[in-house]
Amino acid sequence: MFVAERMTKHPISVTSDATILQADRLMKKHKFHRLPVVDDGKLVGYFSDRDIMRVAPSPATTLSKFEIRSLLDKLSVKDIMREKVITVSEGATLEEAALIMYNNKVGGLPVISQVGALVGIITATDILKTFIEVMGLPGGGKTRLTLEVENKIGVMAEITKIFADNGINIDSFITCKQKNNLYELVVRLEDRPQGFDDIKNALDARGYKVIHSVNIG
């Protein structure tokens, strides 16, 4: 899947000369945690509610609410925004976007087109939602089998043949590397009334042990 398919398109943005108070109201109205800053169609910065908290008076302040609002209204977005913006291309994969977020410890990225225009926002929530959908969790009625397998050529082909020989369709595979050249292989299947004891026995007979089984939904 690609960023362009999962991002929020036509994102709401602010200009660098907007006041902190205006930006804060905009984020609260739309329940955002971050906003891109755009001047004349060009992305010039990025800031979040954490940046606002950084410049806001301490809760222990003796200032009145009116004085706090007046103070924030004198500060502009350009005074607190981050000018070095970490972005991702709309043609990037979700894995690339997730890795950029992980490496830079950020919860969202502005999405840039080939000509450098801001075309969207992709967040960790968007990626988590995609993962849940890929796993087929919203619809329920799934069985998840986990096998521990060696990292060797032909494992996937042999396991899928065992399922095929037993007339079972696989929804998806996910692999996760473990220690000592081992992998956890997660197999998602549609539930069936008779369960999956037969396939577990067939796998075990070929040396593939199911170490975990759960019905989801």
# chains A, B, ... in the order shown; residues from 1 in each chain; ligands from 1
$ select_by_dssp --residues "segment 75-187 of chain A" --states "strand (DSSP E)" --output "JSON, numbers by chain"
{"A": [88, 89, 108, 109, 110, 111, 112, 118, 119, 120, 121, 122, 123, 142, 143, 144, 145, 146, 147, 148, 149, 150, 170, 171, 172, 173, 174, 175, 176, 177, 182, 183, 184, 185, 186, 187]}
$ residues_around --residues "Ala23 of chain A" --least-positions-apart "2" --cutoff "12 Å" --atoms "only C-alpha atoms" --output "PyMOL selection string"
chain A and resi 12-21+25-37+46-49+51-52+72-73+75-78+80-81
$ closest_residue --among "A:Ile162, A:Leu203, A:Val3, A:Val214" --to "Glu96 of chain A" --atoms "only C-alpha atoms"
A:Val3
$ atom_distance --atom1 "atom CA of Asp191 of chain A" --atom2 "atom CA of Met1 of chain A"
25.9 Å
$ closest_residue --among "A:Leu137, A:Val155, A:Ala202, A:Met101" --to "Ala124 of chain A" --atoms "only C-alpha atoms"
A:Met101
$ residues_around --residues "Arg192 of chain A" --least-positions-apart "2" --cutoff "10 Å" --atoms "only C-alpha atoms" --output "number ranges by chain"
A: 141-143, 168, 189-190, 194-196
$ write_last_selection --atoms "N, CA and C atoms" --output "PDB file, in the first residue's frame"
ATOM      1  N   GLY A 141     -14.358 -13.051  12.887  1.00  0.00           N
ATOM      2  CA  GLY A 141     -14.485 -14.359  12.258  1.00  0.00           C
ATOM      3  C   GLY A 141     -13.196 -14.889  11.675  1.00  0.00           C
ATOM      4  N   LYS A 142     -12.066 -14.622  12.353  1.00  0.00           N
ATOM      5  CA  LYS A 142     -10.767 -15.080  11.851  1.00  0.00           C
ATOM      6  C   LYS A 142     -10.089 -15.978  12.880  1.00  0.00           C
ATOM      7  N   THR A 143      -9.311 -16.930  12.370  1.00  0.00           N
ATOM      8  CA  THR A 143      -8.455 -17.742  13.236  1.00  0.00           C
ATOM      9  C   THR A 143      -7.014 -17.415  12.892  1.00  0.00           C
ATOM     10  N   ILE A 168      -7.896 -25.647   2.502  1.00  0.00           N
ATOM     11  CA  ILE A 168      -8.021 -24.447   3.343  1.00  0.00           C
ATOM     12  C   ILE A 168      -7.390 -23.256   2.633  1.00  0.00           C
ATOM     13  N   LEU A 189      -6.758 -17.182   8.822  1.00  0.00           N
ATOM     14  CA  LEU A 189      -7.695 -18.039   8.096  1.00  0.00           C
ATOM     15  C   LEU A 189      -9.126 -17.658   8.433  1.00  0.00           C
ATOM     16  N   GLU A 190     -10.034 -17.922   7.514  1.00  0.00           N
ATOM     17  CA  GLU A 190     -11.454 -17.781   7.806  1.00  0.00           C
ATOM     18  C   GLU A 190     -11.866 -18.910   8.752  1.00  0.00           C
ATOM     19  N   GLN A 194     -15.679 -26.817  12.008  1.00  0.00           N
ATOM     20  CA  GLN A 194     -14.939 -27.962  12.547  1.00  0.00           C
ATOM     21  C   GLN A 194     -13.594 -27.587  13.144  1.00  0.00           C
ATOM     22  N   GLY A 195     -13.240 -26.304  13.098  1.00  0.00           N
ATOM     23  CA  GLY A 195     -11.965 -25.887  13.661  1.00  0.00           C
ATOM     24  C   GLY A 195     -10.792 -26.273  12.781  1.00  0.00           C
ATOM     25  N   PHE A 196      -9.595 -26.279  13.371  1.00  0.00           N
ATOM     26  CA  PHE A 196      -8.389 -26.510  12.576  1.00  0.00           C
ATOM     27  C   PHE A 196      -7.466 -27.568  13.178  1.00  0.00           C
TER      28      PHE A 196
END
$ atom_distance --atom1 "atom CA of Ser172 of chain A" --atom2 "atom CA of Ile132 of chain A"
12.7 Å
$ select_by_dssp --residues "segment 49-206 of chain A" --states "helix (DSSP H, G or I)" --output "mmCIF file with C-alpha atoms, in the first residue's frame"
data_model
loop_
_atom_site.group_PDB
_atom_site.id
_atom_site.type_symbol
_atom_site.label_atom_id
_atom_site.label_comp_id
_atom_site.auth_asym_id
_atom_site.auth_seq_id
_atom_site.Cartn_x
_atom_site.Cartn_y
_atom_site.Cartn_z
ATOM 1 C CA ASP A 49 0.218 20.966 20.201
ATOM 2 C CA ARG A 50 3.424 20.087 22.069
ATOM 3 C CA ASP A 51 5.057 23.167 20.577
ATOM 4 C CA ILE A 52 2.174 25.284 21.875
ATOM 5 C CA MET A 53 2.534 23.748 25.343
ATOM 6 C CA ARG A 54 6.223 24.583 25.218
ATOM 7 C CA VAL A 55 5.563 28.326 24.924
ATOM 8 C CA LYS A 65 -6.966 33.600 31.342
ATOM 9 C CA PHE A 66 -7.324 36.924 29.540
ATOM 10 C CA GLU A 67 -3.626 37.671 29.999
ATOM 11 C CA ILE A 68 -2.666 34.202 28.767
ATOM 12 C CA ARG A 69 -4.813 34.611 25.646
ATOM 13 C CA SER A 70 -3.320 38.049 25.062
ATOM 14 C CA LEU A 71 0.189 36.624 25.359
ATOM 15 C CA LEU A 72 -0.482 33.774 22.910
ATOM 16 C CA ASP A 73 -2.130 36.199 20.508
ATOM 17 C CA LYS A 74 1.108 38.170 20.282
ATOM 18 C CA VAL A 77 3.218 30.393 14.298
ATOM 19 C CA LYS A 78 6.592 31.264 12.731
ATOM 20 C CA ASP A 79 7.935 31.898 16.250
ATOM 21 C CA ILE A 80 7.484 28.277 17.343
ATOM 22 C CA LEU A 94 3.400 2.812 4.112
ATOM 23 C CA GLU A 95 6.413 0.858 5.342
ATOM 24 C CA GLU A 96 8.699 3.726 4.308
ATOM 25 C CA ALA A 97 6.473 6.271 6.062
ATOM 26 C CA ALA A 98 6.328 4.141 9.212
ATOM 27 C CA LEU A 99 10.129 3.786 9.246
ATOM 28 C CA ILE A 100 10.623 7.554 8.832
ATOM 29 C CA MET A 101 8.253 8.198 11.754
ATOM 30 C CA TYR A 102 9.956 5.558 13.875
ATOM 31 C CA ASN A 103 13.489 6.788 13.165
ATOM 32 C CA ASN A 104 12.572 10.417 13.813
ATOM 33 C CA ALA A 124 0.713 6.791 12.948
ATOM 34 C CA THR A 125 -3.033 6.363 13.431
ATOM 35 C CA ASP A 126 -3.489 5.968 9.657
ATOM 36 C CA ILE A 127 -0.827 3.278 9.597
ATOM 37 C CA LEU A 128 -2.301 1.478 12.617
ATOM 38 C CA LYS A 129 -5.735 1.556 10.984
ATOM 39 C CA THR A 130 -4.253 0.047 7.819
ATOM 40 C CA PHE A 131 -2.566 -2.709 9.821
ATOM 41 C CA ILE A 132 -5.871 -3.581 11.507
ATOM 42 C CA GLU A 133 -7.639 -3.684 8.145
ATOM 43 C CA VAL A 134 -4.905 -5.793 6.567
ATOM 44 C CA VAL A 155 9.385 -23.379 3.940
ATOM 45 C CA MET A 156 6.634 -21.084 2.656
ATOM 46 C CA ALA A 157 5.974 -23.273 -0.368
ATOM 47 C CA GLU A 158 5.697 -26.428 1.737
ATOM 48 C CA ILE A 159 3.409 -24.857 4.340
ATOM 49 C CA THR A 160 1.069 -23.335 1.760
ATOM 50 C CA LYS A 161 0.881 -26.743 0.020
ATOM 51 C CA ILE A 162 -0.187 -28.377 3.293
ATOM 52 C CA PHE A 163 -3.043 -25.882 3.612
ATOM 53 C CA ALA A 164 -3.994 -26.316 -0.060
ATOM 54 C CA ASP A 165 -3.970 -30.121 0.212
ATOM 55 C CA ASP A 197 -7.208 -29.535 14.516
ATOM 56 C CA ASP A 198 -6.749 -31.426 11.233
ATOM 57 C CA ILE A 199 -4.440 -28.804 9.761
ATOM 58 C CA LYS A 200 -2.488 -28.572 13.036
ATOM 59 C CA ASN A 201 -1.941 -32.323 12.919
ATOM 60 C CA ALA A 202 -0.945 -32.174 9.247
ATOM 61 C CA LEU A 203 1.551 -29.403 9.963
ATOM 62 C CA ASP A 204 2.921 -31.229 12.999
ATOM 63 C CA ALA A 205 3.387 -34.389 10.914
#
$ closest_residue --among "A:Tyr183, A:Ala117, A:Asp39, A:Val111" --to "Thr93 of chain A" --atoms "only C-alpha atoms"
A:Val111
$ residues_around --residues "Leu147 of chain A" --least-positions-apart "2" --cutoff "12 Å" --atoms "only C-alpha atoms" --output "number ranges by chain"
A: 144-145, 149-150, 155-156, 159, 173-178, 182-188, 199-200, 203-204, 207-213
